[in-house]
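S.K.: mmCIF, C-alpha atoms, saved as target27.cif, coming up:
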```
data_structure
#
loop_
_atom_site.label_atom_id
_atom_site.label_comp_id
_atom_site.auth_asym_id
_atom_site.auth_seq_id
_atom_site.Cartn_x
_atom_site.Cartn_y
_atom_site.Cartn_z
CA MET A 202 1.94 4.67 25.89
CA ILE A 203 0.68 6.85 23.06
CA ARG A 204 -2.06 9.45 23.25
CA LEU A 205 -4.91 8.31 21.01
CA PRO A 206 -5.63 11.75 19.40
CA LEU A 207 -2.03 11.89 18.13
CA VAL A 208 -2.62 8.80 15.99
CA LEU A 209 -6.04 10.04 14.90
CA PHE A 210 -4.55 13.39 13.78
CA PHE A 211 -1.98 11.59 11.61
CA SER A 212 -4.77 9.52 10.10
CA ALA A 213 -6.78 12.72 9.40
CA VAL A 214 -3.79 14.31 7.64
CA LEU A 215 -3.29 11.19 5.52
CA PHE A 216 -6.97 11.10 4.60
CA SER A 217 -7.09 14.80 3.61
CA THR A 218 -3.98 14.37 1.48
CA GLY A 219 -5.74 11.50 -0.27
CA VAL A 220 -8.82 13.67 -0.81
CA TYR A 221 -6.66 16.38 -2.37
CA GLY A 222 -4.98 13.82 -4.65
CA VAL A 223 -8.26 12.35 -5.84
CA LEU A 224 -9.69 15.79 -6.62
CA ALA A 225 -6.60 17.46 -8.12
CA ARG A 226 -5.05 14.65 -10.19
CA ARG A 227 -6.26 13.80 -13.67
CA ASN A 228 -4.00 10.82 -14.32
CA GLY A 229 -6.01 7.67 -13.53
CA VAL A 230 -3.13 5.78 -11.90
CA LEU A 231 -2.34 8.71 -9.59
CA VAL A 232 -6.01 8.91 -8.58
CA LEU A 233 -5.84 5.23 -7.57
CA MET A 234 -2.66 5.91 -5.55
CA SER A 235 -4.45 8.70 -3.67
CA ILE A 236 -7.30 6.29 -2.90
CA GLU A 237 -4.69 3.98 -1.35
CA LEU A 238 -3.68 6.85 0.96
CA MET A 239 -7.27 7.19 2.14
CA LEU A 240 -7.58 3.42 2.72
CA ASN A 241 -4.39 3.53 4.77
CA ALA A 242 -5.76 6.36 6.90
CA VAL A 243 -8.77 4.15 7.71
CA ASN A 244 -6.47 1.24 8.57
CA VAL A 245 -4.42 3.39 10.96
CA ASN A 246 -7.64 4.28 12.75
CA LEU A 247 -8.73 0.63 12.92
CA VAL A 248 -5.43 -0.47 14.46
CA ALA A 249 -5.31 2.47 16.88
CA PHE A 250 -8.83 1.85 18.16
CA SER A 251 -8.13 -1.89 18.33
CA GLN A 252 -5.33 -1.10 20.80
CA TYR A 253 -7.42 1.49 22.60
CA VAL A 254 -10.42 -0.73 23.33
CA ARG A 255 -8.29 -3.90 23.66
CA ASP A 256 -10.17 -5.80 20.95
CA ILE A 257 -8.12 -7.52 18.28
CA GLY A 258 -11.08 -7.45 15.86
CA GLY A 259 -9.91 -4.06 14.61
CA GLN A 260 -6.63 -5.54 13.44
CA VAL A 261 -8.43 -8.41 11.74
CA PHE A 262 -10.56 -5.92 9.83
CA ALA A 263 -7.45 -3.94 8.89
CA LEU A 264 -6.19 -7.19 7.30
CA PHE A 265 -9.46 -7.59 5.40
CA VAL A 266 -9.24 -3.97 4.21
CA ILE A 267 -5.72 -4.63 2.90
CA ALA A 268 -6.94 -7.73 1.03
CA VAL A 269 -9.88 -5.85 -0.47
CA ALA A 270 -7.55 -2.99 -1.43
CA ALA A 271 -5.43 -5.48 -3.37
CA ALA A 272 -8.50 -6.60 -5.33
CA GLU A 273 -9.61 -2.99 -5.86
CA VAL A 274 -6.22 -1.90 -7.22
CA GLY A 275 -6.13 -4.89 -9.57
CA ILE A 276 -9.52 -4.12 -11.12
CA GLY A 277 -8.99 -0.34 -11.08
CA LEU A 278 -5.70 -0.59 -12.93
CA ALA A 279 -7.16 -3.08 -15.42
CA ILE A 280 -9.90 -0.54 -16.21
CA VAL A 281 -7.34 2.28 -16.51
CA ILE A 282 -5.23 0.17 -18.88
CA LEU A 283 -8.32 -0.60 -20.97
CA ILE A 284 -9.18 3.12 -21.16
CA PHE A 285 -5.62 3.79 -22.30
CA ARG A 286 -5.88 1.15 -25.02
CA ASN A 287 -9.11 2.65 -26.35
CA ARG A 288 -8.33 6.37 -26.04
CA GLU A 289 -4.53 6.68 -25.85
CA SER A 290 -4.94 8.74 -22.66
CA ILE A 291 -5.78 8.04 -19.02
CA ASN A 292 -6.95 11.50 -18.04
CA VAL A 293 -10.04 10.84 -15.98
CA ASP A 294 -11.65 14.17 -16.96
CA GLU A 295 -11.71 13.08 -20.60
CA VAL A 296 -13.70 9.95 -19.80
CA SER A 297 -17.05 11.72 -19.76
CA LEU A 298 -19.21 9.71 -22.14
CA LEU A 299 -21.63 8.74 -19.38
CA LYS A 300 -21.61 12.18 -17.80
CA TRP A 301 -24.78 14.28 -17.83
CA MET B 1251 6.11 12.35 25.74
CA THR B 1252 7.16 8.73 25.94
CA GLY B 1253 9.62 6.87 23.73
CA GLN B 1254 6.79 5.38 21.68
CA GLU B 1255 5.37 8.85 21.07
CA TYR B 1256 8.70 10.17 19.82
CA ALA B 1257 9.05 7.18 17.48
CA PHE B 1258 5.48 7.66 16.29
CA VAL B 1259 5.94 11.40 15.61
CA VAL B 1260 9.11 10.82 13.57
CA LEU B 1261 7.47 8.07 11.48
CA ALA B 1262 4.28 10.10 11.04
CA LEU B 1263 6.21 13.18 9.85
CA VAL B 1264 8.15 11.17 7.27
CA GLY B 1265 4.92 9.49 6.16
CA THR B 1266 3.14 12.84 5.82
CA VAL B 1267 5.97 14.30 3.76
CA GLY B 1268 5.83 11.23 1.51
CA ALA B 1269 2.05 11.56 1.11
CA VAL B 1270 2.28 15.28 0.25
CA ARG B 1271 5.06 14.67 -2.25
CA LEU B 1272 2.97 11.83 -3.74
CA VAL B 1273 0.06 14.14 -4.57
CA THR B 1274 2.34 16.92 -5.89
CA ALA B 1275 4.98 14.90 -7.76
CA LYS B 1276 5.71 15.88 -11.37
CA ASN B 1277 6.78 12.41 -12.44
CA VAL B 1278 4.50 9.39 -12.09
CA VAL B 1279 7.33 7.01 -11.19
CA HIS B 1280 8.49 9.37 -8.43
CA ALA B 1281 4.90 9.40 -7.17
CA ALA B 1282 5.00 5.58 -6.94
CA LEU B 1283 8.25 5.75 -4.96
CA TYR B 1284 6.78 8.33 -2.56
CA LEU B 1285 3.86 5.93 -2.13
CA VAL B 1286 6.39 3.30 -1.03
CA VAL B 1287 7.78 5.73 1.59
CA THR B 1288 4.33 6.50 2.99
CA LEU B 1289 3.21 2.85 3.05
CA ALA B 1290 6.44 1.73 4.76
CA MET B 1291 6.03 4.44 7.40
CA VAL B 1292 2.41 3.40 8.03
CA GLY B 1293 3.66 -0.20 8.40
CA SER B 1294 6.28 0.93 10.91
CA ILE B 1295 3.58 2.81 12.82
CA TYR B 1296 1.63 -0.45 13.12
CA LEU B 1297 4.78 -2.02 14.59
CA VAL B 1298 5.10 0.85 17.09
CA LEU B 1299 1.43 0.42 18.01
CA GLY B 1300 2.13 -3.23 18.83
CA ALA B 1301 0.15 -4.69 15.89
CA GLU B 1302 3.10 -6.73 14.71
CA PHE B 1303 1.33 -8.97 12.20
CA VAL B 1304 -0.60 -6.13 10.51
CA GLY B 1305 2.64 -4.16 10.22
CA TRP B 1306 4.45 -6.92 8.36
CA VAL B 1307 1.40 -7.65 6.21
CA GLN B 1308 1.41 -3.97 5.24
CA ILE B 1309 5.04 -4.28 4.12
CA LEU B 1310 4.44 -7.61 2.39
CA ILE B 1311 1.23 -6.81 0.48
CA TYR B 1312 1.33 -3.03 0.00
CA VAL B 1313 5.03 -2.38 -0.48
CA GLY B 1314 5.81 -5.78 -1.97
CA ALA B 1315 2.84 -6.42 -4.23
CA ILE B 1316 0.45 -3.49 -4.74
CA VAL B 1317 3.22 -1.02 -5.60
CA ILE B 1318 4.52 -3.53 -8.17
CA LEU B 1319 1.02 -3.54 -9.68
CA PHE B 1320 1.08 0.28 -9.78
CA LEU B 1321 4.43 0.23 -11.57
CA PHE B 1322 2.98 -2.23 -14.09
CA GLY B 1323 0.08 0.16 -14.57
CA LEU B 1324 2.51 3.04 -15.17
CA MET B 1325 4.54 1.01 -17.68
CA LEU B 1326 1.42 0.01 -19.60
CA THR B 1327 0.02 3.55 -19.78
CA LYS B 1328 2.48 6.07 -21.06
CA ALA B 1329 2.05 9.19 -18.95
CA PRO B 1330 3.43 12.60 -19.83
CA ILE B 1331 5.90 14.16 -17.39
CA GLY B 1332 5.02 17.48 -15.79
CA ARG B 1333 2.58 18.68 -13.19
CA GLU B 1334 0.37 20.60 -15.61
CA SER B 1335 -0.55 17.47 -17.55
CA LEU B 1336 -0.97 15.30 -14.44
CA ASP B 1337 -3.24 17.70 -12.56
CA ASN B 1338 -6.57 19.12 -13.65
CA GLN B 1339 -7.73 22.72 -13.41
CA GLN B 1340 -9.38 22.43 -9.98
CA ARG B 1341 -6.20 22.39 -7.88
CA GLY B 1342 -7.24 25.39 -5.75
CA LEU B 1343 -10.71 24.03 -5.17
CA ALA B 1344 -9.28 20.61 -4.31
CA LEU B 1345 -6.92 22.19 -1.77
CA LEU B 1346 -9.84 24.05 -0.23
CA VAL B 1347 -11.93 20.87 0.07
CA ALA B 1348 -9.00 18.89 1.52
CA LEU B 1349 -8.30 21.60 4.12
CA ALA B 1350 -11.99 21.71 5.01
CA VAL B 1351 -12.00 17.92 5.49
CA LEU B 1352 -8.86 18.15 7.64
CA ALA B 1353 -10.28 20.99 9.75
CA GLY B 1354 -13.54 19.09 10.24
CA LEU B 1355 -11.78 15.87 11.25
CA VAL B 1356 -9.38 17.64 13.63
CA PHE B 1357 -12.28 19.48 15.24
CA LEU B 1358 -14.28 16.26 15.67
CA ILE B 1359 -11.31 14.34 17.10
CA GLN B 1360 -10.51 17.18 19.49
CA ASP B 1361 -14.14 17.35 20.48
CA ALA B 1362 -14.58 13.61 21.06
CA PHE B 1363 -11.20 12.70 22.58
CA HIS B 1364 -9.77 15.54 24.60
CA TRP B 1365 -6.07 15.93 24.12
CA GLY B 1366 -4.10 14.13 26.78
CA ASP B 1367 -6.59 12.08 28.72
CA ARG B 1368 -7.07 9.27 26.17
CA LYS B 1369 -3.99 7.14 26.54
CA MET B 1370 -3.32 3.81 24.89
CA ASN B 1371 -1.27 1.37 26.90
CA LEU B 1372 0.30 -0.49 24.04
CA VAL B 1373 0.43 -4.26 24.16
CA HIS B 1374 2.08 -6.63 21.75
CA ASN B 1375 -0.45 -8.60 19.68
CA THR B 1376 1.07 -11.76 18.26
CA THR B 1377 0.21 -13.54 15.02
CA GLY B 1378 -1.40 -16.35 17.00
CA GLU B 1379 -3.91 -13.98 18.61
CA VAL B 1380 -4.83 -12.57 15.19
CA GLY B 1381 -5.23 -16.11 13.86
CA ARG B 1382 -7.46 -17.16 16.74
CA SER B 1383 -9.67 -14.13 16.12
CA ILE B 1384 -9.91 -14.74 12.36
CA PHE B 1385 -10.60 -18.46 12.50
CA GLN B 1386 -12.96 -18.42 15.47
CA HIS B 1387 -14.91 -15.16 15.23
CA TYR B 1388 -14.49 -13.83 11.69
CA VAL B 1389 -14.75 -16.96 9.55
CA LEU B 1390 -17.49 -15.63 7.28
CA PRO B 1391 -15.70 -12.35 6.37
CA PHE B 1392 -12.58 -14.44 5.78
CA GLU B 1393 -14.34 -16.66 3.24
CA ALA B 1394 -15.97 -13.58 1.70
CA VAL B 1395 -12.49 -12.17 1.06
CA SER B 1396 -11.70 -15.22 -1.06
CA PHE B 1397 -14.82 -14.57 -3.15
CA ILE B 1398 -13.79 -10.93 -3.65
CA LEU B 1399 -10.32 -12.02 -4.77
CA LEU B 1400 -11.86 -14.60 -7.13
CA ALA B 1401 -14.19 -11.99 -8.65
CA ALA B 1402 -11.30 -9.54 -9.03
CA LEU B 1403 -9.12 -12.16 -10.70
CA ILE B 1404 -11.84 -13.14 -13.19
CA GLY B 1405 -12.57 -9.47 -13.86
CA ALA B 1406 -8.94 -8.66 -14.53
CA VAL B 1407 -8.56 -11.66 -16.85
CA VAL B 1408 -11.67 -10.65 -18.80
CA LEU B 1409 -10.57 -7.00 -19.05
CA ALA B 1410 -6.99 -7.71 -20.06
CA ARG B 1411 -7.80 -10.51 -22.50
CA ARG B 1412 -9.56 -8.14 -24.95
CA GLU B 1413 -6.18 -7.68 -26.58
CA GLU B 1414 -6.02 -11.26 -27.85
CA ARG B 1415 -9.12 -10.95 -30.02
CA GLU B 1416 -7.80 -8.09 -32.10
CA MET C 394 -3.18 -10.09 25.55
CA LEU C 395 0.29 -10.11 26.98
CA SER C 396 1.61 -8.38 30.03
CA GLN C 397 3.57 -5.15 30.19
CA ALA C 398 6.84 -7.06 30.63
CA SER C 399 6.58 -8.81 27.28
CA ALA C 400 5.69 -5.49 25.60
CA GLU C 401 9.06 -4.25 26.88
CA THR C 402 10.89 -7.17 25.27
CA TYR C 403 8.90 -6.55 22.07
CA TYR C 404 10.18 -2.97 21.79
CA GLN C 405 13.69 -4.01 22.77
CA SER C 406 13.80 -6.63 20.02
CA TYR C 407 12.74 -4.01 17.46
CA ALA C 408 15.38 -1.63 18.81
CA VAL C 409 17.90 -4.22 17.63
CA VAL C 410 16.27 -4.22 14.16
CA LEU C 411 16.46 -0.42 14.16
CA ALA C 412 20.14 -0.48 15.12
CA VAL C 413 20.96 -2.91 12.29
CA LEU C 414 18.99 -0.72 9.86
CA ALA C 415 20.83 2.41 11.00
CA ALA C 416 24.19 0.65 10.67
CA GLY C 417 23.30 -0.43 7.11
CA VAL C 418 22.22 3.07 6.07
CA LEU C 419 25.36 4.54 7.66
CA LEU C 420 27.60 2.06 5.85
CA VAL C 421 26.12 2.83 2.42
CA GLY C 422 26.02 6.58 3.14
CA VAL C 423 29.65 6.71 4.22
CA ALA C 424 30.72 4.64 1.21
CA PHE C 425 28.93 6.98 -1.23
CA LEU C 426 30.23 10.09 0.56
CA ALA C 427 33.79 8.77 0.51
CA ALA C 428 33.50 7.94 -3.18
CA ARG C 429 32.25 11.44 -3.91
CA LEU C 430 35.04 13.07 -1.88
CA ILE C 431 37.93 10.92 -3.04
CA ALA C 432 37.08 10.12 -6.68
CA PRO C 433 38.49 12.54 -9.28
CA HIS C 434 35.81 14.28 -11.35
CA ARG C 435 36.84 15.37 -14.84
CA PRO C 436 33.78 15.20 -17.13
CA LEU C 437 34.17 15.05 -20.90
CA PRO C 438 31.28 14.95 -23.39
CA ALA C 439 32.27 11.43 -24.40
CA LYS C 440 32.34 10.27 -20.78
CA LEU C 441 28.86 11.61 -20.06
CA THR C 442 27.09 9.56 -22.74
CA THR C 443 24.95 6.64 -21.58
CA TYR C 444 27.36 4.04 -22.94
CA GLU C 445 30.90 5.27 -23.13
CA CYS C 446 31.78 2.52 -25.59
CA GLY C 447 29.28 0.77 -27.84
CA ILE C 448 26.39 1.99 -29.98
CA ASP C 449 24.44 5.14 -29.21
CA PRO C 450 21.02 4.60 -27.59
CA VAL C 451 18.03 4.95 -29.92
CA GLY C 452 14.54 6.19 -29.01
CA GLN C 453 13.09 7.08 -25.63
CA GLY C 454 13.77 5.55 -22.24
CA TRP C 455 10.13 4.49 -22.03
CA SER C 456 9.08 1.26 -23.67
CA GLN C 457 5.54 -0.09 -23.66
CA SER C 458 5.20 -3.51 -22.08
CA GLN C 459 2.45 -6.01 -22.83
CA VAL C 460 -0.87 -6.30 -21.03
CA ARG C 461 -0.35 -10.03 -20.42
CA TYR C 462 2.39 -9.24 -17.88
CA TYR C 463 -0.17 -7.33 -15.87
CA ILE C 464 -2.17 -10.53 -15.36
CA TYR C 465 0.93 -12.29 -14.05
CA GLY C 466 1.46 -9.40 -11.64
CA PHE C 467 -2.13 -9.56 -10.45
CA LEU C 468 -1.98 -13.35 -9.99
CA PHE C 469 1.08 -12.77 -7.81
CA VAL C 470 -0.82 -10.21 -5.71
CA ILE C 471 -3.80 -12.56 -5.23
CA PHE C 472 -1.66 -15.44 -4.06
CA ASP C 473 0.41 -13.09 -1.91
CA VAL C 474 -2.80 -12.19 -0.06
CA GLU C 475 -3.59 -15.89 0.28
CA ALA C 476 -0.12 -16.62 1.67
CA VAL C 477 -0.53 -13.84 4.23
CA PHE C 478 -3.65 -15.51 5.62
CA LEU C 479 -1.75 -18.81 5.85
CA PHE C 480 0.62 -17.38 8.51
CA PRO C 481 -1.95 -16.90 11.32
CA TRP C 482 -3.59 -20.15 10.24
CA ALA C 483 -0.32 -22.04 10.67
CA ARG C 484 -0.01 -20.63 14.20
CA ILE C 485 -3.38 -21.93 15.38
CA PHE C 486 -4.47 -24.87 13.24
CA GLU C 487 -3.03 -27.33 15.72
CA ARG C 488 -5.31 -25.94 18.40
CA LEU C 489 -8.45 -25.72 16.26
CA GLY C 490 -7.77 -28.94 14.37
CA TYR C 491 -10.34 -30.19 11.87
CA GLN C 492 -12.34 -26.93 11.82
CA ALA C 493 -9.36 -24.78 10.76
CA VAL C 494 -8.40 -27.22 8.01
CA VAL C 495 -11.92 -27.02 6.53
CA GLU C 496 -11.95 -23.21 6.72
CA MET C 497 -8.62 -22.86 4.96
CA GLY C 498 -9.59 -25.60 2.48
CA ILE C 499 -12.64 -23.60 1.38
CA PHE C 500 -10.53 -20.42 1.08
CA ILE C 501 -7.84 -22.03 -1.06
CA GLY C 502 -10.45 -23.98 -3.06
CA ILE C 503 -12.25 -20.79 -4.08
CA LEU C 504 -8.99 -19.16 -5.14
CA ALA C 505 -7.98 -22.32 -7.01
CA VAL C 506 -11.14 -21.89 -9.13
CA GLY C 507 -9.76 -18.49 -10.18
CA LEU C 508 -6.41 -19.99 -11.09
CA LEU C 509 -8.20 -22.72 -13.06
CA TYR C 510 -10.22 -20.07 -14.91
CA ALA C 511 -7.07 -18.12 -15.80
CA TRP C 512 -5.43 -21.33 -16.97
CA ARG C 513 -8.41 -22.39 -19.12
CA LYS C 514 -8.53 -18.92 -20.69
CA GLY C 515 -4.92 -19.38 -21.68
CA VAL C 516 -3.45 -16.35 -19.90
CA LEU C 517 -0.82 -18.49 -18.20
CA LYS C 518 0.81 -19.39 -21.50
CA TRP C 519 4.18 -17.70 -21.85
CA VAL C 520 4.61 -16.34 -25.36
#
```
Translate the structure of the given file into structure tokens.

M.R.:
Amino acid sequence: MIRLPLVLFFSAVLFSTGVYGVLARRNGVLVLMSIELMLNAVNVNLVAFSQYVRDIGGQVFALFVIAVAAAEVGIGLAIVILIFRNRESINVDEVSLLKW
Amino acid sequence: MTGQEYAFVVLALVGTVGAVRLVTAKNVVHAALYLVVTLAMVGSIYLVLGAEFVGWVQILIYVGAIVILFLFGLMLTKAPIGRESLDNQQRGLALLVALAVLAGLVFLIQDAFHWGDRKMNLVHNTTGEVGRSIFQHYVLPFEAVSFILLAALIGAVVLARREERE
Amino acid sequence: MLSQASAETYYQSYAVVLAVLAAGVLLVGVAFLAARLIAPHRPLPAKLTTYECGIDPVGQGWSQSQVRYYIYGFLFVIFDVEAVFLFPWARIFERLGYQAVVEMGIFIGILAVGLLYAWRKGVLKWV
């Protein structure tokens, strides 16, 4: 037996840490790592609610989120590597060509 | 507090410490290793929650494969060591926003699920149950995942192959 | 959904895993602690170099690797995800029969197209 809010609080902490990482980091790879933290927070919620409402669909969607995260990391890192090849730097605040 | 709650709190604390060290680390490789700690703890939490298959998939894909990809990314992009060059100038603002998000989420959770009266009676979900759910109810999302992976693979090949033309 | 009794055996079986893990950590920890306590420690400048005998290291510890290795890594991740979906499939395909085989056939077929594309583009060549 676990109280549901306990799990949800952990997930909230993980998500906020990810938000801080995305906003405070300028290294592209570290930004992607922080995004992984946020995705994991969502997955914790999916699994917790799947146990709470006794529906295994939540766990299935957690699996799909993990698979999509794998694809997202692959493309994200490929873009970061390409930026590094063109600019010799992966600081996301220097990639501002399309910015207003 | 039950035994599961104690186990959960210990794992959650270690995972939180790993996550905080990840976003404050001065060295990118250390950050990747803290990511491993956090992901492994989240996987163990799935095991405690009774979602056995998801827990091992977390270890297998996240810790075993995605972190490897991150390390490849770090090796291919030479990053300077030191917090000043890894962080931007908005650290205070970012902390403020993150704390605001946390406060909002905690308030909403507290408001929606009052502390104590929402209890999960944990059951053990086996791989077979997950399989039955995927292949009977979620066939279309399952096939869509293969298309996403295909698109990602082609995209990565196209992006990384630019090198050959030079 | 299983009953409460089998949830008990589930946690008990993982308690065994936890005990083995703790024993392993303890073993390594005690070995390192004993080595630190027992081993004599007399540092000399020559002993503290990276290679005590042999040539001196040149350059930085960081060496740039090639982008092509990244594609190998990503191919591994993609087929790791595919393998993960094979586990629940293997548990139930006997029950679902023909239908499950078709579903998994489509899944693997689509991913095989990606492998074929990577092969035709020549990224699988080891140079």

S.K.: By how many Å are CA of Val413 in chain C and CA of Ile1316 in chain B apart?

M.R.: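 Separation of CA of Val413 in chain C and CA of Ile1316 in chain B: 26.7 Å.
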
S.K.: With a distance threshold of 7 Å and counting only C-alpha atoms, extract the residues of chain C near chain B and express them as a PyMOL selection string.

M.R.: chain C and resi 394-395+397+400+403+457-460+463-464+466-467+470-471+473-474+477+481-482+484-485+493+500+503-504+507+511

S.K.: Using all atoms listed in the file, determine which residues of chain A fall within 8 Å of chain C; present them as a list in words.

M.R.: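 Here is what falls inside 8 Å: Ala268, Ala271, Ala272 and Gly275 of chain A.
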
S.K.: For the PyMOL selection byres ((chain A) within 6 of (chain B)), applied here, can you spell out every residue it catches as a list in words?

M.R.: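 Output of the PyMOL selection byres ((chain A) within 6 of (chain B)): Met202, Ile203, Arg204, Leu205, Ser217, Val220, Tyr221, Gly222, Leu224, Ala225, Arg226, Arg227, Asn228, Tyr253, Ala272, Ile276 and Ala279 of chain A.
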
S.K.: Write out as a short mmCIF file (atom, residue, chain, number, x, y, z; two decimals) with C-alpha atoms, in the coordinates of the input which residues come within 7 Å of range 235-242 of chain A when counting only C-alpha atoms, dropping same-chain ones fewer than 3 positions away.

M.R.:
```cif
data_model
loop_
_atom_site.label_atom_id
_atom_site.label_comp_id
_atom_site.auth_asym_id
_atom_site.auth_seq_id
_atom_site.Cartn_x
_atom_site.Cartn_y
_atom_site.Cartn_z
CA SER A 212 -4.77 9.52 10.10
CA ALA A 213 -6.78 12.72 9.40
CA LEU A 215 -3.29 11.19 5.52
CA PHE A 216 -6.97 11.10 4.60
CA GLY A 219 -5.74 11.50 -0.27
CA GLY A 222 -4.98 13.82 -4.65
CA VAL A 223 -8.26 12.35 -5.84
CA LEU A 231 -2.34 8.71 -9.59
CA VAL A 232 -6.01 8.91 -8.58
CA VAL A 245 -4.42 3.39 10.96
CA ASN A 246 -7.64 4.28 12.75
#
```

S.K.: Given the file shown, determine the residues that the PyMOL selection byres ((chain A and resi 251) around 10) selects; report them as a ChimeraX atom specification.

M.R.: /A:245-250,252-263 /B:1299,1301,1370

S.K.: Could you save those same residues with C-alpha atoms as a PDB file, in the coordinates of the input?

M.R.:
```pdb
ATOM      1  CA  VAL A 245      -4.420   3.390  10.960  1.00  0.00           C
ATOM      2  CA  ASN A 246      -7.640   4.280  12.750  1.00  0.00           C
ATOM      3  CA  LEU A 247      -8.730   0.630  12.920  1.00  0.00           C
ATOM      4  CA  VAL A 248      -5.430  -0.470  14.460  1.00  0.00           C
ATOM      5  CA  ALA A 249      -5.310   2.470  16.880  1.00  0.00           C
ATOM      6  CA  PHE A 250      -8.830   1.850  18.160  1.00  0.00           C
ATOM      7  CA  GLN A 252      -5.330  -1.100  20.800  1.00  0.00           C
ATOM      8  CA  TYR A 253      -7.420   1.490  22.600  1.00  0.00           C
ATOM      9  CA  VAL A 254     -10.420  -0.730  23.330  1.00  0.00           C
ATOM     10  CA  ARG A 255      -8.290  -3.900  23.660  1.00  0.00           C
ATOM     11  CA  ASP A 256     -10.170  -5.800  20.950  1.00  0.00           C
ATOM     12  CA  ILE A 257      -8.120  -7.520  18.280  1.00  0.00           C
ATOM     13  CA  GLY A 258     -11.080  -7.450  15.860  1.00  0.00           C
ATOM     14  CA  GLY A 259      -9.910  -4.060  14.610  1.00  0.00           C
ATOM     15  CA  GLN A 260      -6.630  -5.540  13.440  1.00  0.00           C
ATOM     16  CA  VAL A 261      -8.430  -8.410  11.740  1.00  0.00           C
ATOM     17  CA  PHE A 262     -10.560  -5.920   9.830  1.00  0.00           C
ATOM     18  CA  ALA A 263      -7.450  -3.940   8.890  1.00  0.00           C
TER      19      ALA A 263
ATOM     20  CA  LEU B1299       1.430   0.420  18.010  1.00  0.00           C
ATOM     21  CA  ALA B1301       0.150  -4.690  15.890  1.00  0.00           C
ATOM     22  CA  MET B1370      -3.320   3.810  24.890  1.00  0.00           C
TER      23      MET B1370
END
```
